[in-house]
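Enquirer: A single structure is presented below for examination.
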Amino acid sequence: MDPRYHVADTSEIISPALLIFREQLEANLQHVLKIAKDPARLRPHCKTHKMREVIALELSQGIVKHKCATLAEAEMLANCGVRDIFLAYNIVGPNIRRVVSFCQRFPDIRLGVTADHLVPLAQLGNAASDAGISVDVLLDIDTGQHRTGITVGSQARILYSQISRTPGLKPGGFHVYDGHQHQKSLDERRTAVLREFEKVLAFRDEIVHAGLPVPKLVCGGTASFPIYAELTDPSIEFSPGTCVFNDAGYSEAFPDLVFQPAAVLLTRVISRPTPDRVTFDLGYKAVASDPPAGKRLTLPEIPDAEQVLQNEEHLVIQTAHADEFQPGDETYAIPRHICPTSALHKEAYVIVDGKLVERWQVVARDRCLTL
Ligand SMILES: Cc1ncc(COP(=O)(O)O)c(C=O)c1O
């Protein structure tokens, strides 16, 4: 057993359970701060954990700017005392009304959102000016992921100047998320990230030259933020998410990152259906199922485990050591993708020095809190 993930008494822990090892979480956070060099350069993404207590830890370290993907996360951040929130999402439909309500409810909070299209931009502008509020809008720039955003060029220029001309909206800078840069080698990743970022910088210079402000560039996730951190441009903010908890996927994909798993799953054997099979209470309602079946988690204590079947509440493995397991036996699993995994749990059990010390609610797993 890896002593870092030992829990002395599990009798109060209902499985499958999300466990947070606070020492590992704090070590990851210290590592983030070391890479960033200054907490003012950070704008971590809360979608990984969706928990108030992690925000409180970050605030206690001087990290005052935060990023989120949903209005529920924005509301959680606001209730934690965050006063500078970037909702990195294009606002459409009823979310326009919700953004207005958010600004009315929290008038002292600076809220930014993204846009990549003129139509919802105009709708947001109308709603904001009708309500007498002001929202920062960051132009969502596509540097190759092709998920959202717009490539730098004439359309992007038109959109950004439209933001600056729309009453109720303020040009907030650019959002540059490059989660497609998955090169295992840091040198190759750096080359690919900077090749795209140079185009963003040239575009920024063009916009500034045309007389429009570009106050900030919110860039990257866990894999690219150490690369942006090497740059000295004061308008760059880094927005890693996963690294506070880390996961098996990132540990394997990015060997240069030395974050440790801080959130793992406790699971118990519920059956031994055949001589070489062991069934755990760890179905895909407890661990993210966006990775392919068989690769959704690792079981460090059963290195030869082959994950042969997973249903909603069952994980069946095949192992040469099956006869060593009895129903009720426990092990821990490291999820391959922690962000959707934490959202599957209502609360997390927090472990310090091998002991269960408290429970944290996964507050923003709901789509809607009160707004
Ligand atoms: C827009 C945006 N920013 C930041 C992040 C954080 O990236 P990571 O999870 O690699 O740290 C994500 C992750 O999905 C994201 O979608």
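Letters A, B, ... mark the chains of the structure tokens in the order given; residue numbers begin at 1 per chain; ligand numbers begin at 1, in order shown.
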Which residues form the shell of 6 Å around ligand 1 when you count only C-alpha atoms and all ligand atoms, given as a PyMOL selection string?
Expert: chain A and resi 45+88+177+220-223+239-243
Enquirer: For region 284-294 of chain A, work out the shell of residues within 6 Å, counting only C-alpha atoms and skipping chain neighbours fewer than 5 positions away, then give it as a ChimeraX atom specification.
Expert: /A:307,312,340-341,344
Enquirer: Just the residues within 12 Å of Asp205 (chain A), please, counting only C-alpha atoms, with nothing from its chain fewer than 5 positions along; format it as a ChimeraX atom specification.
Expert: /A:152,157,173,198-200,210-215
Enquirer: Would you mind exporting N, CA and C atoms of the selected residues as an mmCIF file, in the first residue's frame?
Expert:
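File written: result-v9.cif
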data_model
loop_
_atom_site.group_PDB
_atom_site.id
_atom_site.type_symbol
_atom_site.label_atom_id
_atom_site.label_comp_id
_atom_site.auth_asym_id
_atom_site.auth_seq_id
_atom_site.Cartn_x
_atom_site.Cartn_y
_atom_site.Cartn_z
ATOM 1 N N VAL A 152 -7.691 34.082 -35.151
ATOM 2 C CA VAL A 152 -7.323 35.497 -35.275
ATOM 3 C C VAL A 152 -7.461 35.907 -36.742
ATOM 4 N N ARG A 157 -11.383 40.526 -35.458
ATOM 5 C CA ARG A 157 -11.236 41.978 -35.279
ATOM 6 C C ARG A 157 -12.613 42.640 -35.214
ATOM 7 N N GLY A 173 -10.371 41.397 -23.161
ATOM 8 C CA GLY A 173 -9.148 40.702 -23.584
ATOM 9 C C GLY A 173 -9.500 39.424 -24.327
ATOM 10 N N GLU A 198 2.154 33.063 -30.587
ATOM 11 C CA GLU A 198 2.757 34.213 -31.281
ATOM 12 C C GLU A 198 1.733 34.896 -32.186
ATOM 13 N N LYS A 199 0.849 34.093 -32.790
ATOM 14 C CA LYS A 199 -0.190 34.680 -33.652
ATOM 15 C C LYS A 199 -1.171 35.505 -32.798
ATOM 16 N N VAL A 200 -1.451 34.978 -31.601
ATOM 17 C CA VAL A 200 -2.357 35.702 -30.694
ATOM 18 C C VAL A 200 -1.726 37.034 -30.285
ATOM 19 N N ALA A 210 -4.956 49.635 -32.914
ATOM 20 C CA ALA A 210 -6.203 50.242 -33.416
ATOM 21 C C ALA A 210 -6.938 51.011 -32.308
ATOM 22 N N GLY A 211 -6.395 51.013 -31.119
ATOM 23 C CA GLY A 211 -6.937 51.859 -30.054
ATOM 24 C C GLY A 211 -7.861 51.146 -29.079
ATOM 25 N N LEU A 212 -7.942 49.811 -29.154
ATOM 26 C CA LEU A 212 -8.830 49.100 -28.223
ATOM 27 C C LEU A 212 -8.007 48.449 -27.102
ATOM 28 N N PRO A 213 -8.550 48.439 -25.891
ATOM 29 C CA PRO A 213 -7.795 47.818 -24.795
ATOM 30 C C PRO A 213 -7.872 46.289 -24.851
ATOM 31 N N VAL A 214 -6.769 45.632 -24.534
ATOM 32 C CA VAL A 214 -6.764 44.160 -24.381
ATOM 33 C C VAL A 214 -6.148 43.896 -23.008
ATOM 34 N N PRO A 215 -6.965 44.053 -21.959
ATOM 35 C CA PRO A 215 -6.372 44.036 -20.614
ATOM 36 C C PRO A 215 -5.787 42.701 -20.196
#
Enquirer: Region 250-255 of chain A: which residues within 8 Å, counting only C-alpha atoms, same-chain residues fewer than 6 positions away excluded, as a PyMOL selection string?
Expert: chain A and resi 182-186+223+336
Enquirer: Keeping C-alpha atoms, export the residues of the selection given above as a JSON list (two decimals), in the first residue's frame.
Expert:
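Generated file (result34.json):
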[["chain", "number", "residue", "atom", "x", "y", "z"],
["A", 182, "HIS", "CA", -1.04, 16.92, -25.77],
["A", 183, "GLN", "CA", 2.61, 16.45, -26.76],
["A", 184, "LYS", "CA", 4.30, 14.19, -24.23],
["A", 185, "SER", "CA", 7.61, 15.97, -24.66],
["A", 186, "LEU", "CA", 7.68, 19.36, -22.95],
["A", 223, "ALA", "CA", -0.24, 21.05, -19.60],
["A", 336, "ARG", "CA", -8.16, 8.68, -15.35]]
Enquirer: I want to know what sits within 10 Å of Pro16 (chain A), based on only C-alpha atoms, with residues of the same chain fewer than 4 positions away left out; could you give that as an mmCIF file with C-alpha atoms, in the first residue's frame?
Expert:
data_model
loop_
_atom_site.group_PDB
_atom_site.id
_atom_site.type_symbol
_atom_site.label_atom_id
_atom_site.label_comp_id
_atom_site.auth_asym_id
_atom_site.auth_seq_id
_atom_site.Cartn_x
_atom_site.Cartn_y
_atom_site.Cartn_z
ATOM 1 C CA LEU A 265 -11.746 6.590 -5.071
ATOM 2 C CA LEU A 266 -12.277 4.099 -2.272
ATOM 3 C CA THR A 267 -13.955 0.905 -3.459
ATOM 4 C CA ARG A 268 -14.906 -2.450 -1.901
ATOM 5 C CA PHE A 280 -15.857 -3.921 -7.002
ATOM 6 C CA ASP A 281 -18.592 -1.375 -6.234
ATOM 7 C CA LEU A 282 -17.024 1.064 -8.700
ATOM 8 C CA GLY A 283 -19.277 1.498 -11.695
ATOM 9 C CA LYS A 285 -21.729 6.283 -11.864
ATOM 10 C CA ALA A 286 -18.710 6.828 -9.591
ATOM 11 C CA VAL A 287 -15.873 7.367 -12.067
ATOM 12 C CA GLU A 313 -22.446 0.173 -10.167
ATOM 13 C CA TYR A 332 -8.249 2.595 -3.973
ATOM 14 C CA HIS A 345 -20.088 12.663 -6.045
#
